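Colleague: Questions regarding the structure given below will be posed in turn.
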Amino acid sequence: MSEKNPVRFVRETAQEVRMVARGWRWGRRPLVPGSAEPFQPPKQQSVFPTAWARTPTANAVRDAVQRFGLGPLLRSTVTPQAAGLDVLTRVKPPVLFVANHTSHLDTPLILCSLPDEWRRQTAVAAAADYFFDTWWRASGSAMVFNTFPIERRGGTMSTTPGDLLDQGWNVVVFPEGTRSVDGWAGRFRLGASWLAVEHGVPIIPIGIRGSYAAMPRGRGWPRPGRLPVRVRFGEPIWPAEGEAPRTFAPRIQQGVARLLDEDATTWWDAARRAARGETPDPSGPPVASWRRIWAQTAPPEEGQRRGAWK
C-alpha cells in the first residue's frame, strides 16, 4: 500500500477542519428553529457588566492593545484612509459618532482612525445578542473595543450610553442595528437621535466605504490584497431646540449620506447635490439584489467605475 500524497493529505485535512469549524456551535445560539422548539417561559436575561473595562488599568491595557496590536493588524489586512478628522478640533467631547454599518471592520476602522486622546475616551455600543452571548466574546470585545451591550431585538435602548455620555465618554453607535446584507445602508433607528436630544450632545456623522468589499457579512477575515477602505468624518450635527428625535433622525442619515456621496465623488459635487436636495439615497438603487451586491463588493475606486452611485 503506497503512502498518501503529502499535499493531498494536507488539503483533505484542511477541508475537514473547515467543515468542522462551520458546523461547530461556537456560541450559545440555538441550533433548532424557534418554531420547532417546545414552549418554554422566557429566561430572565442578565446584563454583562462592562464597567471594569473602563477602569484606569483596563484603559491602559486597551490603549496598548489598540496601538501596538489592533492598529498594525488592521493595516496589514486593509489599507485604511481617514478624512475629515479636523472637525474634531472644532467640537468638545462628549459626542456621538454615528456611522453606516456594513462590516465587522467598521468598529476597528473608526477607533484606529481617531486621534489618541479621542480614542482613549470612546466606547462602542454592541449588540447584546451577538457580542455578549458568551463570556469569552463579551470579555474580549469589552477589553479590546470598550464595547457595552445594547438590546436590539426588543427595540429598547440601554441606559449605559446615556450614563457614559454624562461621564464624558464618546459613544459610537450604528443606528441601523445590524450589518448590511448587501453593502448599502438600511433604515436608521431612533436610538442615536434620542440620545443626542436627551443629553444635548452633537452627532459626528461618519461615512465608511469599502469595508463591505474588504470583509462582507459572512466572512471571518478580510479578503486578501489589502483593499482600500475609507472613513470620512463630517461636521457636527446638533439637535435644534425642542426638536423631536423622530425629526432629528433623518438629518443624521442625510449627514452620513452626504459623506458617502462626497467620498465617491468630490466635496464640491456633493455640496451642490446637497443644496439641491439630490444627495443619492444611501440605501442604494432599486435594482436586482445581485447588482446591488456586485456594486458594493468592489473597492471604492472600482466601485466608482461600476457606477455604484448612479
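Labels for the C-alpha cells follow display order: chains A, B, ..., residues from 1 in each chain, ligands from 1.
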Could you go through range 178-247 of chain A and tell me which residues DSSP, when run on the backbone, assigns to strand (DSSP E), listing them as a list in words?

Modeller: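 Matching residues, listed in order: Ile203, Ile204, Pro205, Ile206, Gly207, Ile208, Arg209, Leu227, Pro228, Val229, Arg230, Val231, Arg232 and Phe233 of chain A.
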
Colleague: Using only C-alpha atoms, what does the table of range 99-150 of chain A residues within 12 Å of range 59-67 of chain A look like, with each row giving the shortest atom pair and its distance in Å to one decimal, sorted by chain and ascending number, as JSON lines?

Modeller:
{"residue": "A:Thr107", "atom": "CA", "partner": "A:Gln66", "partner_atom": "CA", "distance": 11.8}
{"residue": "A:Pro108", "atom": "CA", "partner": "A:Gln66", "partner_atom": "CA", "distance": 8.7}
{"residue": "A:Leu109", "atom": "CA", "partner": "A:Gln66", "partner_atom": "CA", "distance": 11.1}
{"residue": "A:Ile110", "atom": "CA", "partner": "A:Gln66", "partner_atom": "CA", "distance": 11.7}
{"residue": "A:Leu111", "atom": "CA", "partner": "A:Gln66", "partner_atom": "CA", "distance": 8.4}
{"residue": "A:Cys112", "atom": "CA", "partner": "A:Gln66", "partner_atom": "CA", "distance": 7.4}
{"residue": "A:Ser113", "atom": "CA", "partner": "A:Arg67", "partner_atom": "CA", "distance": 11.0}
{"residue": "A:Leu114", "atom": "CA", "partner": "A:Gln66", "partner_atom": "CA", "distance": 11.3}
{"residue": "A:Pro115", "atom": "CA", "partner": "A:Arg67", "partner_atom": "CA", "distance": 11.0}
{"residue": "A:Asp116", "atom": "CA", "partner": "A:Asp63", "partner_atom": "CA", "distance": 8.5}
{"residue": "A:Glu117", "atom": "CA", "partner": "A:Asp63", "partner_atom": "CA", "distance": 10.2}
{"residue": "A:Trp118", "atom": "CA", "partner": "A:Asp63", "partner_atom": "CA", "distance": 11.3}
{"residue": "A:Arg119", "atom": "CA", "partner": "A:Asp63", "partner_atom": "CA", "distance": 8.4}
{"residue": "A:Arg120", "atom": "CA", "partner": "A:Asp63", "partner_atom": "CA", "distance": 6.6}
{"residue": "A:Gln121", "atom": "CA", "partner": "A:Asn59", "partner_atom": "CA", "distance": 8.8}
{"residue": "A:Thr122", "atom": "CA", "partner": "A:Asn59", "partner_atom": "CA", "distance": 10.5}
{"residue": "A:Ala123", "atom": "CA", "partner": "A:Asn59", "partner_atom": "CA", "distance": 10.9}
{"residue": "A:Gly140", "atom": "CA", "partner": "A:Arg62", "partner_atom": "CA", "distance": 10.5}
{"residue": "A:Ser141", "atom": "CA", "partner": "A:Arg62", "partner_atom": "CA", "distance": 10.5}
{"residue": "A:Ala142", "atom": "CA", "partner": "A:Arg62", "partner_atom": "CA", "distance": 9.4}
{"residue": "A:Met143", "atom": "CA", "partner": "A:Arg62", "partner_atom": "CA", "distance": 6.2}
{"residue": "A:Val144", "atom": "CA", "partner": "A:Arg62", "partner_atom": "CA", "distance": 5.6}
{"residue": "A:Phe145", "atom": "CA", "partner": "A:Arg62", "partner_atom": "CA", "distance": 7.6}
{"residue": "A:Asn146", "atom": "CA", "partner": "A:Arg62", "partner_atom": "CA", "distance": 8.0}
{"residue": "A:Thr147", "atom": "CA", "partner": "A:Arg62", "partner_atom": "CA", "distance": 11.5}

Colleague: Write the residues of the selection above to a file with C-alpha atoms, as an mmCIF file, in the first residue's frame.

Modeller:
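File produced: part35.cif:
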data_model
loop_
_atom_site.group_PDB
_atom_site.id
_atom_site.type_symbol
_atom_site.label_atom_id
_atom_site.label_comp_id
_atom_site.auth_asym_id
_atom_site.auth_seq_id
_atom_site.Cartn_x
_atom_site.Cartn_y
_atom_site.Cartn_z
ATOM 1 C CA THR A 107 -15.515 49.432 14.660
ATOM 2 C CA PRO A 108 -11.710 48.966 14.468
ATOM 3 C CA LEU A 109 -11.616 51.337 11.479
ATOM 4 C CA ILE A 110 -13.307 54.110 13.461
ATOM 5 C CA LEU A 111 -11.248 53.577 16.611
ATOM 6 C CA CYS A 112 -7.928 53.353 14.786
ATOM 7 C CA SER A 113 -8.754 56.494 12.766
ATOM 8 C CA LEU A 114 -9.371 58.640 15.839
ATOM 9 C CA PRO A 115 -6.593 60.678 17.456
ATOM 10 C CA ASP A 116 -5.227 59.005 20.582
ATOM 11 C CA GLU A 117 -6.896 61.377 23.036
ATOM 12 C CA TRP A 118 -10.296 60.756 21.425
ATOM 13 C CA ARG A 119 -9.833 57.018 21.009
ATOM 14 C CA ARG A 120 -8.946 56.518 24.680
ATOM 15 C CA GLN A 121 -12.246 58.137 25.711
ATOM 16 C CA THR A 122 -14.560 56.363 23.240
ATOM 17 C CA ALA A 123 -16.895 53.431 23.912
ATOM 18 C CA GLY A 140 -12.767 40.158 24.625
ATOM 19 C CA SER A 141 -14.860 42.802 22.884
ATOM 20 C CA ALA A 142 -15.216 44.859 26.074
ATOM 21 C CA MET A 143 -11.466 44.747 26.668
ATOM 22 C CA VAL A 144 -10.263 45.435 23.119
ATOM 23 C CA PHE A 145 -13.005 47.749 21.793
ATOM 24 C CA ASN A 146 -14.536 49.110 25.020
ATOM 25 C CA THR A 147 -17.949 47.803 23.994
#

Colleague: Under the rule that only C-alpha atoms are counted, which of A:Phe148, A:Phe188, A:Tyr212, A:Trp294 is the nearest residue to Tyr130 in chain A?

Modeller: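 Under the stated criterion, the closest residue is A:Phe148.
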
Colleague: Would you pick out the contacts of Val172 in chain A at 6 Å or less, using only C-alpha atoms, so that residues sharing its chain but fewer than 3 positions from it are not included, and give the list as number ranges by chain?

Modeller: A: 96-97, 124

Colleague: Give me, as JSON lines, the closest atom pair and its distance (Å, one decimal) for every residue of range 69-102 of chain A within a cut-off of 10 Å of range 244-262 of chain A, counting only C-alpha atoms, rows sorted by chain and rising number.

Modeller:
{"residue": "A:Gly84", "atom": "CA", "partner": "A:Leu259", "partner_atom": "CA", "distance": 9.7}
{"residue": "A:Val98", "atom": "CA", "partner": "A:Ile252", "partner_atom": "CA", "distance": 7.9}
{"residue": "A:Ala99", "atom": "CA", "partner": "A:Val256", "partner_atom": "CA", "distance": 6.8}
{"residue": "A:Asn100", "atom": "CA", "partner": "A:Val256", "partner_atom": "CA", "distance": 7.2}

Colleague: When you look at Gly200 in chain A with a cut-off of 12 Å (counting only C-alpha atoms), what residues show up, excluding the ones that are within fewer than 6 positions of it in the same chain? I need them as a ChimeraX atom specification.

Modeller: /A:93-96,162,165-166,192-194,237-243,245

Colleague: Kindly export the residues of the current selection with N, CA and C atoms, as a PDB file, in the first residue's frame.

Modeller:
ATOM      1  N   PRO A  93     -15.638  66.940  23.447  1.00  0.00           N
ATOM      2  CA  PRO A  93     -16.352  65.747  23.884  1.00  0.00           C
ATOM      3  C   PRO A  93     -17.249  66.069  25.085  1.00  0.00           C
ATOM      4  N   PRO A  94     -18.282  65.271  25.313  1.00  0.00           N
ATOM      5  CA  PRO A  94     -18.587  64.016  24.622  1.00  0.00           C
ATOM      6  C   PRO A  94     -19.404  64.235  23.359  1.00  0.00           C
ATOM      7  N   VAL A  95     -19.269  63.304  22.424  1.00  0.00           N
ATOM      8  CA  VAL A  95     -20.037  63.334  21.190  1.00  0.00           C
ATOM      9  C   VAL A  95     -20.542  61.917  20.898  1.00  0.00           C
ATOM     10  N   LEU A  96     -21.482  61.839  19.982  1.00  0.00           N
ATOM     11  CA  LEU A  96     -21.959  60.566  19.467  1.00  0.00           C
ATOM     12  C   LEU A  96     -21.419  60.396  18.052  1.00  0.00           C
ATOM     13  N   GLY A 162     -26.286  56.582  27.774  1.00  0.00           N
ATOM     14  CA  GLY A 162     -26.567  57.878  28.389  1.00  0.00           C
ATOM     15  C   GLY A 162     -25.681  58.134  29.596  1.00  0.00           C
ATOM     16  N   LEU A 165     -22.208  59.087  28.335  1.00  0.00           N
ATOM     17  CA  LEU A 165     -22.171  60.462  27.837  1.00  0.00           C
ATOM     18  C   LEU A 165     -22.109  61.446  28.992  1.00  0.00           C
ATOM     19  N   ASP A 166     -22.890  61.187  30.037  1.00  0.00           N
ATOM     20  CA  ASP A 166     -22.876  62.076  31.201  1.00  0.00           C
ATOM     21  C   ASP A 166     -21.521  62.057  31.911  1.00  0.00           C
ATOM     22  N   ALA A 192     -29.886  56.786  18.375  1.00  0.00           N
ATOM     23  CA  ALA A 192     -28.840  57.816  18.386  1.00  0.00           C
ATOM     24  C   ALA A 192     -29.445  59.208  18.486  1.00  0.00           C
ATOM     25  N   SER A 193     -30.519  59.463  17.735  1.00  0.00           N
ATOM     26  CA  SER A 193     -31.148  60.784  17.786  1.00  0.00           C
ATOM     27  C   SER A 193     -31.752  61.035  19.162  1.00  0.00           C
ATOM     28  N   TRP A 194     -32.324  59.991  19.785  1.00  0.00           N
ATOM     29  CA  TRP A 194     -32.891  60.152  21.123  1.00  0.00           C
ATOM     30  C   TRP A 194     -31.797  60.500  22.121  1.00  0.00           C
ATOM     31  N   ILE A 237     -23.516  67.641  13.932  1.00  0.00           N
ATOM     32  CA  ILE A 237     -24.932  67.938  13.723  1.00  0.00           C
ATOM     33  C   ILE A 237     -25.587  68.043  15.101  1.00  0.00           C
ATOM     34  N   TRP A 238     -26.127  69.224  15.402  1.00  0.00           N
ATOM     35  CA  TRP A 238     -26.753  69.450  16.696  1.00  0.00           C
ATOM     36  C   TRP A 238     -28.270  69.366  16.569  1.00  0.00           C
ATOM     37  N   PRO A 239     -28.955  68.774  17.548  1.00  0.00           N
ATOM     38  CA  PRO A 239     -30.422  68.836  17.532  1.00  0.00           C
ATOM     39  C   PRO A 239     -30.888  70.254  17.826  1.00  0.00           C
ATOM     40  N   ALA A 240     -31.880  70.708  17.096  1.00  0.00           N
ATOM     41  CA  ALA A 240     -32.426  72.040  17.335  1.00  0.00           C
ATOM     42  C   ALA A 240     -33.196  72.059  18.649  1.00  0.00           C
ATOM     43  N   GLU A 241     -33.362  73.239  19.202  1.00  0.00           N
ATOM     44  CA  GLU A 241     -34.087  73.363  20.467  1.00  0.00           C
ATOM     45  C   GLU A 241     -35.521  72.878  20.295  1.00  0.00           C
ATOM     46  N   GLY A 242     -35.899  71.937  21.110  1.00  0.00           N
ATOM     47  CA  GLY A 242     -37.248  71.400  21.042  1.00  0.00           C
ATOM     48  C   GLY A 242     -37.470  70.381  19.938  1.00  0.00           C
ATOM     49  N   GLU A 243     -36.420  70.015  19.195  1.00  0.00           N
ATOM     50  CA  GLU A 243     -36.573  69.068  18.096  1.00  0.00           C
ATOM     51  C   GLU A 243     -36.779  67.658  18.636  1.00  0.00           C
ATOM     52  N   PRO A 245     -36.733  63.503  18.490  1.00  0.00           N
ATOM     53  CA  PRO A 245     -35.835  62.509  17.893  1.00  0.00           C
ATOM     54  C   PRO A 245     -36.302  62.013  16.537  1.00  0.00           C
TER      55      PRO A 245
END

Colleague: To one decimal place, how far is CA of Thr134 in chain A from CA of His104 in chain A in Å?

Modeller: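 Separating CA of Thr134 in chain A from CA of His104 in chain A is a distance of 17.7 Å.
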
Colleague: Among range 118-216 of chain A, which residues carry a DSSP assignment of helix (DSSP H, G or I), reported as a short mmCIF file (atom, residue, chain, number, x, y, z; two decimals) with all heavy atoms, in the first residue's frame?

Modeller:
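Just written: selection.cif:
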data_model
loop_
_atom_site.label_atom_id
_atom_site.label_comp_id
_atom_site.auth_asym_id
_atom_site.auth_seq_id
_atom_site.Cartn_x
_atom_site.Cartn_y
_atom_site.Cartn_z
N TRP A 118 -8.89 61.06 21.65
CA TRP A 118 -10.30 60.76 21.43
C TRP A 118 -10.55 59.25 21.55
O TRP A 118 -11.55 58.83 22.12
CB TRP A 118 -10.72 61.25 20.04
CG TRP A 118 -10.96 62.72 19.98
CD1 TRP A 118 -10.03 63.71 19.81
CD2 TRP A 118 -12.23 63.37 20.10
NE1 TRP A 118 -10.63 64.94 19.81
CE2 TRP A 118 -11.99 64.76 19.98
CE3 TRP A 118 -13.53 62.93 20.28
CZ2 TRP A 118 -13.01 65.70 20.04
CZ3 TRP A 118 -14.56 63.87 20.34
CH2 TRP A 118 -14.30 65.23 20.23
N ARG A 119 -9.64 58.47 20.99
CA ARG A 119 -9.83 57.02 21.01
C ARG A 119 -9.87 56.47 22.43
O ARG A 119 -10.66 55.58 22.75
CB ARG A 119 -8.70 56.35 20.22
CG ARG A 119 -8.70 54.85 20.26
CD ARG A 119 -7.59 54.27 19.39
NE ARG A 119 -6.31 54.88 19.64
CZ ARG A 119 -5.53 54.60 20.69
NH1 ARG A 119 -5.93 53.69 21.58
NH2 ARG A 119 -4.36 55.20 20.84
N ALA A 128 -26.22 43.03 22.17
CA ALA A 128 -26.12 42.11 23.30
C ALA A 128 -26.26 40.67 22.88
O ALA A 128 -25.62 39.78 23.45
CB ALA A 128 -27.18 42.48 24.35
N ASP A 129 -27.11 40.40 21.88
CA ASP A 129 -27.38 39.02 21.49
C ASP A 129 -26.28 38.44 20.62
O ASP A 129 -26.29 37.24 20.34
CB ASP A 129 -28.72 38.93 20.75
CG ASP A 129 -28.74 39.79 19.50
OD1 ASP A 129 -28.54 41.01 19.62
OD2 ASP A 129 -28.95 39.25 18.40
N TYR A 130 -25.32 39.26 20.17
CA TYR A 130 -24.24 38.75 19.33
C TYR A 130 -22.90 38.79 20.05
O TYR A 130 -22.22 37.77 20.17
CB TYR A 130 -24.15 39.55 18.03
CG TYR A 130 -23.19 38.98 17.02
CD1 TYR A 130 -23.63 38.12 16.02
CD2 TYR A 130 -21.82 39.28 17.07
CE1 TYR A 130 -22.75 37.58 15.09
CE2 TYR A 130 -20.93 38.74 16.16
CZ TYR A 130 -21.40 37.90 15.17
OH TYR A 130 -20.51 37.37 14.27
N PHE A 131 -22.52 39.96 20.54
CA PHE A 131 -21.19 40.10 21.15
C PHE A 131 -21.17 39.73 22.63
O PHE A 131 -20.10 39.57 23.21
CB PHE A 131 -20.69 41.54 20.99
CG PHE A 131 -20.32 41.89 19.58
CD1 PHE A 131 -21.21 42.56 18.77
CD2 PHE A 131 -19.09 41.54 19.06
CE1 PHE A 131 -20.88 42.88 17.45
CE2 PHE A 131 -18.74 41.84 17.76
CZ PHE A 131 -19.64 42.52 16.95
N TRP A 135 -19.28 34.44 27.55
CA TRP A 135 -18.41 35.26 28.40
C TRP A 135 -17.11 35.64 27.72
O TRP A 135 -16.60 36.75 27.89
CB TRP A 135 -18.12 34.52 29.71
CG TRP A 135 -17.25 33.30 29.53
CD1 TRP A 135 -17.65 32.02 29.33
CD2 TRP A 135 -15.81 33.28 29.52
NE1 TRP A 135 -16.57 31.18 29.19
CE2 TRP A 135 -15.42 31.93 29.31
CE3 TRP A 135 -14.82 34.25 29.67
CZ2 TRP A 135 -14.09 31.55 29.23
CZ3 TRP A 135 -13.50 33.87 29.59
CH2 TRP A 135 -13.14 32.54 29.39
N TRP A 136 -16.55 34.71 26.90
CA TRP A 136 -15.25 35.00 26.28
C TRP A 136 -15.38 36.04 25.18
O TRP A 136 -14.50 36.89 25.01
CB TRP A 136 -14.62 33.71 25.74
CG TRP A 136 -15.49 32.94 24.78
CD1 TRP A 136 -16.36 31.94 25.09
CD2 TRP A 136 -15.55 33.10 23.36
NE1 TRP A 136 -16.98 31.46 23.96
CE2 TRP A 136 -16.49 32.15 22.88
CE3 TRP A 136 -14.90 33.94 22.45
CZ2 TRP A 136 -16.80 32.04 21.53
CZ3 TRP A 136 -15.21 33.81 21.11
CH2 TRP A 136 -16.16 32.88 20.66
N ARG A 137 -16.50 36.00 24.43
CA ARG A 137 -16.68 37.03 23.39
C ARG A 137 -16.98 38.38 24.04
O ARG A 137 -16.49 39.43 23.60
CB ARG A 137 -17.82 36.62 22.46
CG ARG A 137 -17.79 37.38 21.13
CD ARG A 137 -19.15 37.34 20.43
NE ARG A 137 -19.74 36.02 20.41
CZ ARG A 137 -19.62 35.14 19.41
NH1 ARG A 137 -18.90 35.45 18.35
NH2 ARG A 137 -20.23 33.97 19.46
N ALA A 138 -17.80 38.36 25.10
CA ALA A 138 -18.14 39.60 25.79
C ALA A 138 -16.90 40.23 26.42
O ALA A 138 -16.65 41.44 26.29
CB ALA A 138 -19.20 39.31 26.86
N SER A 139 -16.10 39.41 27.11
CA SER A 139 -14.90 39.94 27.76
C SER A 139 -13.90 40.46 26.74
O SER A 139 -13.29 41.53 26.94
CB SER A 139 -14.25 38.85 28.62
OG SER A 139 -15.14 38.37 29.59
N GLY A 140 -13.73 39.73 25.63
CA GLY A 140 -12.77 40.16 24.63
C GLY A 140 -13.16 41.45 23.95
O GLY A 140 -12.33 42.36 23.79
N SER A 141 -14.44 41.58 23.56
CA SER A 141 -14.86 42.80 22.88
C SER A 141 -14.86 43.99 23.83
O SER A 141 -14.51 45.12 23.45
CB SER A 141 -16.25 42.62 22.27
OG SER A 141 -17.21 42.35 23.28
N ALA A 142 -15.24 43.77 25.10
CA ALA A 142 -15.22 44.86 26.07
C ALA A 142 -13.79 45.33 26.34
O ALA A 142 -13.54 46.53 26.49
CB ALA A 142 -15.89 44.42 27.37
N MET A 143 -12.85 44.38 26.38
CA MET A 143 -11.47 44.75 26.67
C MET A 143 -10.81 45.45 25.49
O MET A 143 -10.15 46.48 25.65
CB MET A 143 -10.68 43.47 27.02
CG MET A 143 -9.22 43.69 27.41
SD MET A 143 -9.04 44.49 29.01
CE MET A 143 -8.71 46.17 28.54
N VAL A 144 -10.98 44.91 24.28
CA VAL A 144 -10.26 45.43 23.12
C VAL A 144 -10.94 46.68 22.54
O VAL A 144 -10.27 47.65 22.17
CB VAL A 144 -10.14 44.34 22.04
CG1 VAL A 144 -9.46 44.90 20.79
CG2 VAL A 144 -9.35 43.16 22.57
N PHE A 145 -12.29 46.66 22.47
CA PHE A 145 -13.00 47.75 21.79
C PHE A 145 -13.78 48.65 22.75
O PHE A 145 -14.41 49.60 22.30
CB PHE A 145 -13.98 47.17 20.76
CG PHE A 145 -13.33 46.30 19.72
CD1 PHE A 145 -13.54 44.93 19.70
CD2 PHE A 145 -12.49 46.85 18.77
CE1 PHE A 145 -12.94 44.13 18.74
CE2 PHE A 145 -11.88 46.06 17.81
CZ PHE A 145 -12.11 44.70 17.80
N THR A 160 -26.91 52.47 29.56
CA THR A 160 -25.46 52.66 29.60
C THR A 160 -24.96 53.78 28.71
O THR A 160 -24.12 54.58 29.15
CB THR A 160 -24.75 51.35 29.23
OG1 THR A 160 -25.22 50.30 30.08
CG2 THR A 160 -23.25 51.48 29.40
N PRO A 161 -25.38 53.91 27.44
CA PRO A 161 -24.82 55.00 26.62
C PRO A 161 -25.09 56.38 27.20
O PRO A 161 -24.21 57.25 27.14
CB PRO A 161 -25.51 54.80 25.27
CG PRO A 161 -26.69 53.94 25.53
CD PRO A 161 -26.30 53.07 26.67
N GLY A 162 -26.29 56.58 27.77
CA GLY A 162 -26.57 57.88 28.39
C GLY A 162 -25.68 58.13 29.60
O GLY A 162 -25.19 59.25 29.79
N ASP A 163 -25.47 57.11 30.39
CA ASP A 163 -24.59 57.25 31.56
C ASP A 163 -23.17 57.58 31.12
O ASP A 163 -22.49 58.42 31.74
CB ASP A 163 -24.58 55.96 32.39
CG ASP A 163 -25.94 55.65 32.99
OD1 ASP A 163 -26.75 56.59 33.12
OD2 ASP A 163 -26.19 54.47 33.29
N LEU A 164 -22.69 56.93 30.06
CA LEU A 164 -21.34 57.18 29.58
C LEU A 164 -21.20 58.61 29.05
O LEU A 164 -20.18 59.27 29.28
CB LEU A 164 -20.97 56.17 28.50
CG LEU A 164 -20.81 54.72 28.97
CD1 LEU A 164 -20.49 53.82 27.78
CD2 LEU A 164 -19.73 54.60 30.02
N LEU A 165 -22.21 59.09 28.33
CA LEU A 165 -22.17 60.46 27.84
C LEU A 165 -22.11 61.45 28.99
O LEU A 165 -21.36 62.43 28.94
CB LEU A 165 -23.39 60.74 26.96
CG LEU A 165 -23.44 60.03 25.61
CD1 LEU A 165 -24.80 60.22 24.96
CD2 LEU A 165 -22.35 60.56 24.67
N ASP A 166 -22.89 61.19 30.04
CA ASP A 166 -22.88 62.08 31.20
C ASP A 166 -21.52 62.06 31.91
O ASP A 166 -21.14 63.04 32.56
CB ASP A 166 -23.97 61.66 32.19
CG ASP A 166 -25.37 61.92 31.64
OD1 ASP A 166 -25.49 62.73 30.69
OD2 ASP A 166 -26.33 61.29 32.12
N GLY A 191 -32.46 55.47 18.16
CA GLY A 191 -31.66 55.46 19.39
C GLY A 191 -30.64 56.58 19.45
O GLY A 191 -30.54 57.29 20.47
N ALA A 192 -29.89 56.79 18.38
CA ALA A 192 -28.84 57.82 18.39
C ALA A 192 -29.44 59.21 18.49
O ALA A 192 -28.95 60.07 19.23
CB ALA A 192 -27.98 57.69 17.13
N SER A 193 -30.52 59.46 17.74
CA SER A 193 -31.15 60.78 17.79
C SER A 193 -31.75 61.03 19.16
O SER A 193 -31.69 62.15 19.69
CB SER A 193 -32.21 60.91 16.69
OG SER A 193 -33.21 59.91 16.84
N TRP A 194 -32.32 59.99 19.78
CA TRP A 194 -32.89 60.15 21.12
C TRP A 194 -31.80 60.50 22.12
O TRP A 194 -31.98 61.38 22.98
CB TRP A 194 -33.59 58.86 21.53
CG TRP A 194 -34.24 58.93 22.87
CD1 TRP A 194 -35.49 59.40 23.18
CD2 TRP A 194 -33.64 58.54 24.13
NE1 TRP A 194 -35.71 59.31 24.54
CE2 TRP A 194 -34.60 58.79 25.14
CE3 TRP A 194 -32.41 57.98 24.48
CZ2 TRP A 194 -34.35 58.51 26.49
CZ3 TRP A 194 -32.16 57.71 25.82
CH2 TRP A 194 -33.12 57.98 26.80
N LEU A 195 -30.66 59.83 22.05
CA LEU A 195 -29.55 60.12 22.96
C LEU A 195 -29.05 61.56 22.78
O LEU A 195 -28.78 62.25 23.77
CB LEU A 195 -28.40 59.14 22.71
CG LEU A 195 -28.57 57.72 23.25
CD1 LEU A 195 -27.47 56.82 22.70
CD2 LEU A 195 -28.55 57.72 24.77
N ALA A 196 -28.92 61.99 21.53
CA ALA A 196 -28.42 63.34 21.29
C ALA A 196 -29.38 64.39 21.84
O ALA A 196 -28.95 65.39 22.44
CB ALA A 196 -28.22 63.55 19.78
N VAL A 197 -30.68 64.17 21.66
CA VAL A 197 -31.67 65.13 22.15
C VAL A 197 -31.72 65.12 23.67
O VAL A 197 -31.75 66.17 24.32
CB VAL A 197 -33.06 64.79 21.55
CG1 VAL A 197 -34.15 65.63 22.23
CG2 VAL A 197 -33.06 65.05 20.05
N GLU A 198 -31.74 63.92 24.27
CA GLU A 198 -31.87 63.81 25.72
C GLU A 198 -30.65 64.35 26.46
O GLU A 198 -30.78 64.93 27.54
CB GLU A 198 -32.10 62.35 26.10
CG GLU A 198 -33.49 61.84 25.83
CD GLU A 198 -34.53 62.51 26.73
OE1 GLU A 198 -34.30 62.55 27.96
OE2 GLU A 198 -35.55 63.00 26.20
N HIS A 199 -29.47 64.17 25.90
CA HIS A 199 -28.24 64.54 26.62
C HIS A 199 -27.55 65.78 26.04
O HIS A 199 -26.49 66.17 26.54
CB HIS A 199 -27.27 63.35 26.62
CG HIS A 199 -27.81 62.16 27.36
ND1 HIS A 199 -27.62 61.97 28.71
CD2 HIS A 199 -28.55 61.10 26.93
CE1 HIS A 199 -28.21 60.85 29.09
NE2 HIS A 199 -28.78 60.29 28.04
N SER A 211 -15.54 48.84 3.30
CA SER A 211 -15.42 47.78 4.31
C SER A 211 -16.23 46.55 3.90
O SER A 211 -15.83 45.42 4.22
CB SER A 211 -15.85 48.29 5.68
OG SER A 211 -17.21 48.68 5.69
N TYR A 212 -17.34 46.75 3.19
CA TYR A 212 -18.10 45.59 2.72
C TYR A 212 -17.32 44.83 1.66
O TYR A 212 -17.31 43.60 1.65
CB TYR A 212 -19.44 46.05 2.16
CG TYR A 212 -20.34 44.92 1.70
CD1 TYR A 212 -21.14 44.24 2.61
CD2 TYR A 212 -20.37 44.52 0.37
CE1 TYR A 212 -21.96 43.20 2.20
CE2 TYR A 212 -21.18 43.47 -0.05
CZ TYR A 212 -21.98 42.82 0.88
OH TYR A 212 -22.78 41.77 0.47
N ALA A 213 -16.65 45.55 0.78
CA ALA A 213 -15.83 44.90 -0.23
C ALA A 213 -14.67 44.13 0.41
O ALA A 213 -14.29 43.05 -0.06
CB ALA A 213 -15.30 45.92 -1.23
N ALA A 214 -14.10 44.70 1.47
CA ALA A 214 -12.96 44.07 2.12
C ALA A 214 -13.36 42.88 2.99
O ALA A 214 -12.65 41.88 3.05
CB ALA A 214 -12.20 45.09 2.96
#

Colleague: In Å, rounded to a single decimal, give me how far CA of Pro56 in chain A is from CA of Gln167 in chain A.

Modeller: 14.3 Å

Colleague: Calculated over only C-alpha atoms, which of the candidates A:Glu12, A:Val87, A:Ser103, A:Ala298 has the smallest distance to Gly220 in chain A?

Modeller: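 Among the listed residues, A:Ser103 lies closest to Gly220 in chain A.
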
Colleague: Rank nothing, just name the residue among A:Gly69, A:Trp267, A:Pro202, A:Gly183 nearest to Ala295 in chain A, using only C-alpha atoms.

Modeller: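 The shortest atom-to-atom distance to Ala295 in chain A comes from A:Gly183.
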